[in-house]
There are 2 protein chains.
Amino acid sequence: MKQDVENVIKSHTEPNSDEYFMQEALKEANLAYLENEVPVGCVVVRNNTIIARSHNTRDKEEDIFGHAEIKALKEASSQIGSWILDDVSVYVTLEPCFMCAGALLQARVKKIVFAASEPKHGAIGSITNIFELPNINHHPEIIKGINEIEASTLLKQFFKDLREKRKSK
Amino acid sequence: MKQDVENVIKSHTEPNSDEYFMQEALKEANLAYLENEVPVGCVVVRNNTIIARSHNTRDKEEDIFGHAEIKALKEASSQIGSWILDDVSVYVTLEPCFMCAGALLQARVKKIVFAASEPKHGAIGSITNIFELPNINHHPEIIKGINEIEASTLLKQFFKDLREKRKSK
């Protein structure tokens with residue numbers, strides 16, 4: 001089953017394309033899946049180079065801030081030596097929640113690319129788009145739906161596994 | 001001047017009242033002021049006991065996540081051993097931004113009390129109230145305006161000092 005999930009992550013894409021970086025984020029999501037965490041991955045890119053990568057570890061670490069985006073932004077901020085990250089692009093496999101979208105706003109990132117939408121918690125188009133609210137003066141480029149099927153397949157598999165584990169208890 | 005600012009923080013209030021805990025948050029805000037950081041402070045309260053306290057250190061530490069609420073929530077989460085903090089009240093001297101309000105939502109805190117409103121970034125009533133958006137299923141008790149004058153005075157003094165420093169350069 002895990003092999004099947006890994007197989008959805010293909011790597012035949014143009015280097016430095018949005019698809020290329022999203023597949024790197026999907027590799028991180030797959031690591032979360034293998035650790036029994038909600039499979040979400042993120043990479044932060046500057047000058048076509050991945051400067052930070054992370055995946056969700058919230059349950060394992062009992063950390064509110066264990067979301068993939070938060071950890072990757074923290075690492076990127078540390079790499080750059082500034083809390084302003086206005087020359088980076090962030091690739092994440094699931095639409096960010098308010099906390100993560102708020103962090104992307106605070107850090108003034110240049111571009112946000114996400115794969116699957118998140119109808120229950122998504123703050124970049126699902127519940128609202130925080131970047132389009134009145135008085136918000138930072139407007140990053142936003143692209144959604146890149147590798148959406150792969151990201152959704154991994155998430156659906158995770159929640160299917162979880163239901164099966166609960167049934168068998 | 002700093003003495004004047006300290007004097008706005010009085011301590012003649014009923015123990016365990018909202019005013020009492022907000023004054024503790026104001027003491028944290030004052031620490032931020034003394035460190036030349038935007039003066040915002042926060043305390044997290046559980047069973048009438050402060051289990052975490054913090055103040056803004058974003059510039060000093062070049063950390064996106066240096067906001068008072070994030071640091072206090074992280075400490076509270078570590079104290080409790082869970083990322084779900086549904087039995088805590090959070091007292092903060094300034095209306096939380098999207099990132100911090102999103103973290104309070106994620107952690108499912110029971111009650112949020114803030115002092116001054118934040119027209120440019122506030123996500124609990126100013127730009128929007130994220131807890132009142134469609135599909136949001138967590139609705140903490142929210143109280144605003146407690147010790148608002150003290151919190152605002154400290155913030156105004158900080159920005160006045162900053163302007164004077166810039167002029168004198």
# chains A, B, ... in the order shown; residues from 1 in each chain; ligands from 1
>>> interface_residues(of="chain B", to="chain A", cutoff="10 Å", atoms="only C-alpha atoms", output="number ranges by chain")
B: 58-59, 61-66, 70, 73-75, 77-78, 80-85, 97-107, 119-121, 123, 126-128, 130, 133-137
>>> select_by_dssp(residues="range 6-157 of chain B", states="strand (DSSP E)", output="list in words")
Gly41, Cys42, Val43, Val44, Val45, Arg46, Thr49, Ile50, Ile51, Ala52, Arg53, Ser54, His55, Ser89, Val90, Tyr91, Val92, Thr93, Leu94, Lys111, Ile112, Val113, Phe114, Ala115, Ala116, Glu141, Ile142, Ile143 and Lys144 of chain B
>>> select_by_dssp(residues="chain A", states="alpha helix (DSSP H)", output="PyMOL selection string")
chain A and resi 2-7+18-34+58-61+68-80+98-106+148-168
>>> closest_residue(among="B:Glu19, B:Glu14, B:Asp87, B:Glu132", to="Ala151 in chain B", atoms="only C-alpha atoms")
B:Glu19
>>> closest_residue(among="A:Glu24, A:Lys156, A:Ser168, A:Leu94", to="Gly122 in chain A", atoms="only C-alpha atoms")
A:Leu94
>>> residues_around(residues="Ile142 in chain A", least_positions_apart="6", cutoff="8 Å", atoms="only C-alpha atoms", output="MDAnalysis selection string")
chainID A and resid 111:113
>>> residues_around(residues="Cys42 in chain B", least_positions_apart="3", cutoff="7 Å", atoms="only C-alpha atoms", output="MDAnalysis selection string")
chainID B and resid 25 28 53:55 68:69 72 91:93
>>> residues_around(residues="Met22 in chain A", least_positions_apart="5", cutoff="12 Å", atoms="only C-alpha atoms", output="VMD selection string")
chain A and resid 9 to 11 13 to 17 27 to 29 40 to 45 50 53 89 to 94 112 to 116 143 to 151
>>> decode(residues="range 18-160 of chain B", atoms="C-alpha atoms", output="mmCIF file, in the first residue's frame")
data_model
loop_
_atom_site.group_PDB
_atom_site.id
_atom_site.type_symbol
_atom_site.label_atom_id
_atom_site.label_comp_id
_atom_site.auth_asym_id
_atom_site.auth_seq_id
_atom_site.Cartn_x
_atom_site.Cartn_y
_atom_site.Cartn_z
ATOM 1 C CA ASP B 18 -9.493 39.603 33.459
ATOM 2 C CA GLU B 19 -7.889 42.915 34.478
ATOM 3 C CA TYR B 20 -5.455 41.116 36.768
ATOM 4 C CA PHE B 21 -4.233 38.755 34.054
ATOM 5 C CA MET B 22 -4.121 41.546 31.471
ATOM 6 C CA GLN B 23 -1.886 43.526 33.792
ATOM 7 C CA GLU B 24 0.459 40.553 33.846
ATOM 8 C CA ALA B 25 0.413 40.613 30.035
ATOM 9 C CA LEU B 26 1.150 44.351 30.195
ATOM 10 C CA LYS B 27 4.201 43.643 32.352
ATOM 11 C CA GLU B 28 5.426 41.404 29.534
ATOM 12 C CA ALA B 29 4.663 44.143 26.982
ATOM 13 C CA ASN B 30 6.740 46.508 29.079
ATOM 14 C CA LEU B 31 9.668 44.061 28.929
ATOM 15 C CA ALA B 32 9.395 44.135 25.129
ATOM 16 C CA TYR B 33 9.396 47.964 25.272
ATOM 17 C CA LEU B 34 12.560 47.945 27.350
ATOM 18 C CA GLU B 35 14.150 45.656 24.723
ATOM 19 C CA ASN B 36 13.168 48.069 21.906
ATOM 20 C CA GLU B 37 10.635 45.610 20.496
ATOM 21 C CA VAL B 38 7.040 46.449 19.569
ATOM 22 C CA PRO B 39 5.538 46.218 23.075
ATOM 23 C CA VAL B 40 3.122 43.317 23.067
ATOM 24 C CA GLY B 41 2.811 40.831 25.905
ATOM 25 C CA CYS B 42 0.833 37.677 26.510
ATOM 26 C CA VAL B 43 -0.004 35.298 29.331
ATOM 27 C CA VAL B 44 -1.729 31.918 29.131
ATOM 28 C CA VAL B 45 -3.962 31.009 32.069
ATOM 29 C CA ARG B 46 -5.249 27.587 33.147
ATOM 30 C CA ASN B 47 -7.271 27.046 36.325
ATOM 31 C CA ASN B 48 -6.580 30.644 37.376
ATOM 32 C CA THR B 49 -2.820 30.059 37.146
ATOM 33 C CA ILE B 50 -0.462 31.612 34.613
ATOM 34 C CA ILE B 51 1.207 28.634 32.914
ATOM 35 C CA ALA B 52 3.080 30.594 30.217
ATOM 36 C CA ARG B 53 4.079 34.190 29.611
ATOM 37 C CA SER B 54 5.963 35.904 26.851
ATOM 38 C CA HIS B 55 6.592 39.107 24.942
ATOM 39 C CA ASN B 56 7.409 40.052 21.392
ATOM 40 C CA THR B 57 11.019 39.437 20.371
ATOM 41 C CA ARG B 58 10.632 39.354 16.608
ATOM 42 C CA ASP B 59 13.242 41.913 15.618
ATOM 43 C CA LYS B 60 15.862 40.904 18.138
ATOM 44 C CA GLU B 61 15.648 37.259 17.152
ATOM 45 C CA GLU B 62 14.806 37.812 13.446
ATOM 46 C CA ASP B 63 12.044 35.278 13.945
ATOM 47 C CA ILE B 64 8.681 35.387 12.151
ATOM 48 C CA PHE B 65 7.324 33.442 15.108
ATOM 49 C CA GLY B 66 8.628 35.901 17.715
ATOM 50 C CA HIS B 67 5.126 37.275 18.374
ATOM 51 C CA ALA B 68 4.133 37.107 22.039
ATOM 52 C CA GLU B 69 1.145 34.783 21.474
ATOM 53 C CA ILE B 70 3.126 32.215 19.468
ATOM 54 C CA LYS B 71 5.845 31.966 22.094
ATOM 55 C CA ALA B 72 3.354 31.790 24.974
ATOM 56 C CA LEU B 73 1.261 29.115 23.199
ATOM 57 C CA LYS B 74 4.371 27.075 22.488
ATOM 58 C CA GLU B 75 5.353 27.214 26.148
ATOM 59 C CA ALA B 76 1.798 26.373 27.282
ATOM 60 C CA SER B 77 1.657 23.441 24.851
ATOM 61 C CA SER B 78 4.958 22.181 26.204
ATOM 62 C CA GLN B 79 3.704 22.534 29.813
ATOM 63 C CA ILE B 80 0.472 20.668 29.113
ATOM 64 C CA GLY B 81 2.020 18.103 26.772
ATOM 65 C CA SER B 82 -0.592 18.554 24.072
ATOM 66 C CA TRP B 83 -1.169 20.813 21.084
ATOM 67 C CA ILE B 84 -4.824 21.056 22.044
ATOM 68 C CA LEU B 85 -5.241 23.775 24.655
ATOM 69 C CA ASP B 86 -9.009 23.810 25.055
ATOM 70 C CA ASP B 87 -8.949 24.662 28.754
ATOM 71 C CA VAL B 88 -6.798 27.785 28.632
ATOM 72 C CA SER B 89 -7.495 31.514 28.444
ATOM 73 C CA VAL B 90 -5.093 33.746 26.542
ATOM 74 C CA TYR B 91 -4.524 37.394 27.540
ATOM 75 C CA VAL B 92 -2.707 39.548 24.994
ATOM 76 C CA THR B 93 -2.199 43.312 24.945
ATOM 77 C CA LEU B 94 -2.852 43.721 21.192
ATOM 78 C CA GLU B 95 -5.428 42.141 18.885
ATOM 79 C CA PRO B 96 -3.812 39.062 17.301
ATOM 80 C CA CYS B 97 -2.765 39.023 13.622
ATOM 81 C CA PHE B 98 -3.912 36.231 11.260
ATOM 82 C CA MET B 99 -0.965 34.031 12.172
ATOM 83 C CA CYS B 100 -1.589 34.326 15.910
ATOM 84 C CA ALA B 101 -5.391 34.183 15.682
ATOM 85 C CA GLY B 102 -4.961 31.114 13.444
ATOM 86 C CA ALA B 103 -2.740 29.505 16.091
ATOM 87 C CA LEU B 104 -5.375 30.256 18.772
ATOM 88 C CA LEU B 105 -7.968 28.630 16.504
ATOM 89 C CA GLN B 106 -5.768 25.582 15.846
ATOM 90 C CA ALA B 107 -5.099 25.155 19.575
ATOM 91 C CA ARG B 108 -8.849 25.535 20.286
ATOM 92 C CA VAL B 109 -8.298 27.849 23.244
ATOM 93 C CA LYS B 110 -11.311 28.448 25.489
ATOM 94 C CA LYS B 111 -11.105 32.224 25.852
ATOM 95 C CA ILE B 112 -9.235 35.110 24.259
ATOM 96 C CA VAL B 113 -8.920 38.510 25.947
ATOM 97 C CA PHE B 114 -7.145 41.359 24.206
ATOM 98 C CA ALA B 115 -6.533 44.990 25.129
ATOM 99 C CA ALA B 116 -5.960 47.285 22.124
ATOM 100 C CA SER B 117 -7.397 46.721 18.651
ATOM 101 C CA GLU B 118 -5.061 46.480 15.618
ATOM 102 C CA PRO B 119 -6.734 48.124 12.611
ATOM 103 C CA LYS B 120 -4.005 47.116 10.107
ATOM 104 C CA HIS B 121 -3.471 43.457 10.986
ATOM 105 C CA GLY B 122 -6.097 42.428 13.553
ATOM 106 C CA ALA B 123 -7.890 39.179 12.750
ATOM 107 C CA ILE B 124 -10.376 39.144 15.635
ATOM 108 C CA GLY B 125 -12.649 41.996 14.640
ATOM 109 C CA SER B 126 -10.565 44.601 12.778
ATOM 110 C CA ILE B 127 -9.863 43.225 9.284
ATOM 111 C CA THR B 128 -12.190 40.312 9.910
ATOM 112 C CA ASN B 129 -13.035 37.996 12.799
ATOM 113 C CA ILE B 130 -11.769 34.584 11.753
ATOM 114 C CA PHE B 131 -13.901 32.886 14.419
ATOM 115 C CA GLU B 132 -17.061 34.152 12.719
ATOM 116 C CA LEU B 133 -16.208 33.016 9.188
ATOM 117 C CA PRO B 134 -18.254 30.254 7.519
ATOM 118 C CA ASN B 135 -17.311 26.652 8.424
ATOM 119 C CA ILE B 136 -15.215 27.690 11.421
ATOM 120 C CA ASN B 137 -16.450 25.372 14.149
ATOM 121 C CA HIS B 138 -14.484 26.662 17.115
ATOM 122 C CA HIS B 139 -15.925 29.659 18.932
ATOM 123 C CA PRO B 140 -13.928 30.770 21.968
ATOM 124 C CA GLU B 141 -15.215 33.430 24.335
ATOM 125 C CA ILE B 142 -13.725 36.724 23.154
ATOM 126 C CA ILE B 143 -13.383 39.852 25.287
ATOM 127 C CA LYS B 144 -11.741 42.998 24.003
ATOM 128 C CA GLY B 145 -10.801 46.385 25.430
ATOM 129 C CA ILE B 146 -9.555 45.248 28.860
ATOM 130 C CA ASN B 147 -6.778 47.716 29.850
ATOM 131 C CA GLU B 148 -6.938 49.142 26.345
ATOM 132 C CA ILE B 149 -5.629 52.574 27.374
ATOM 133 C CA GLU B 150 -2.551 51.159 29.086
ATOM 134 C CA ALA B 151 -1.730 48.893 26.131
ATOM 135 C CA SER B 152 -2.259 51.687 23.598
ATOM 136 C CA THR B 153 -0.210 54.164 25.615
ATOM 137 C CA LEU B 154 2.738 51.796 25.634
ATOM 138 C CA LEU B 155 2.451 51.166 21.873
ATOM 139 C CA LYS B 156 2.113 54.883 21.080
ATOM 140 C CA GLN B 157 5.141 55.667 23.243
ATOM 141 C CA PHE B 158 7.174 52.991 21.432
ATOM 142 C CA PHE B 159 6.360 54.374 17.994
ATOM 143 C CA LYS B 160 6.945 57.960 19.190
#
